[in-house]
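Colleague: I have a structure here, written as C-alpha cells, and I will follow up with some questions on it.
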Amino acid sequence: MIGAPAAGEGSLRYSHTQIGWWMLGILGVSAVVALAAIRAAAVRAGGVPPVLVGGVLVILVVAIGLFSSLNVRVTEQSVVW
C-alpha cells in the first residue's frame, strides 16, 4: 500500500524517515552546474539557450524535493512507504 494509512487502520508499529544525502549532493551539484551553464550562455551568444538550461534546473529542483527522503511506516494492517 502506498500513501497514508486510512483512519482506524491500526496502531503505528514502526516509523522511519531516511534522508538521501547522496541524492541531495548529486542533484545539488547538478543544479549548480546548470546555473553556471545559464550564466555562460548569457555571456556568449552561440551557446545553449538559457531557457533549455533553466528547464533542466527546474527539473532538478523538483527531483530534489520529491526524492530527497523516504518515509516508511508499519501499522497493524499495512506497510506504507
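By order of appearance in the C-alpha cells: chains A, B, ..., then residues from 1 within every chain, and ligands from 1 in the order shown.
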Residues of range 23-78 of chain A classed as strand (DSSP E or B) by DSSP on the backbone are to be reported as a list in words.

Modeller: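 Taking range 23-78 of chain A and keeping strand (DSSP E or B) gives Ser69, Leu70, Asn71, Val72, Arg73, Val74 and Thr75 of chain A.
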
Colleague: Which residues are close to Arg39 in chain A, i.e. within 10 Å by only C-alpha atoms, leaving aside same-chain residues fewer than 6 positions away? Reply as a list in words.

Modeller: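 That gives Val33, Pro50 and Val53 of chain A.
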
Colleague: Can you tell me how far CA of Ile38 in chain A sits from CA of Ile59 in chain A, in Å to one decimal?

Modeller: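 Taking CA of Ile38 in chain A and CA of Ile59 in chain A, their separation equals 14.5 Å.
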
Colleague: Can you tell me, as number ranges by chain, what residues are no more than 10 Å from Gly54 in chain A when counting only C-alpha atoms, ignoring any on the same chain fewer than 3 positions away?

Modeller: A: 31, 34-35, 37-38, 49-51, 57-60

Colleague: Got a sec: who's within 8 Å of range 66-76 of chain A, counting only C-alpha atoms, leaving out chain neighbours fewer than 2 positions off, as a list of chain:residue names?

Modeller: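 Residues meeting the cut-off are A:Glu9, A:Gly10, A:Ser11, A:Leu12, A:Arg13, A:Tyr14, A:Ser15, A:His16, A:Thr17, A:Gln18, A:Ile19, A:Gly20, A:Trp21, A:Met23, A:Leu24, A:Val62, A:Ala63, A:Ile64, A:Ser78, A:Val79, A:Val80, A:Trp81.
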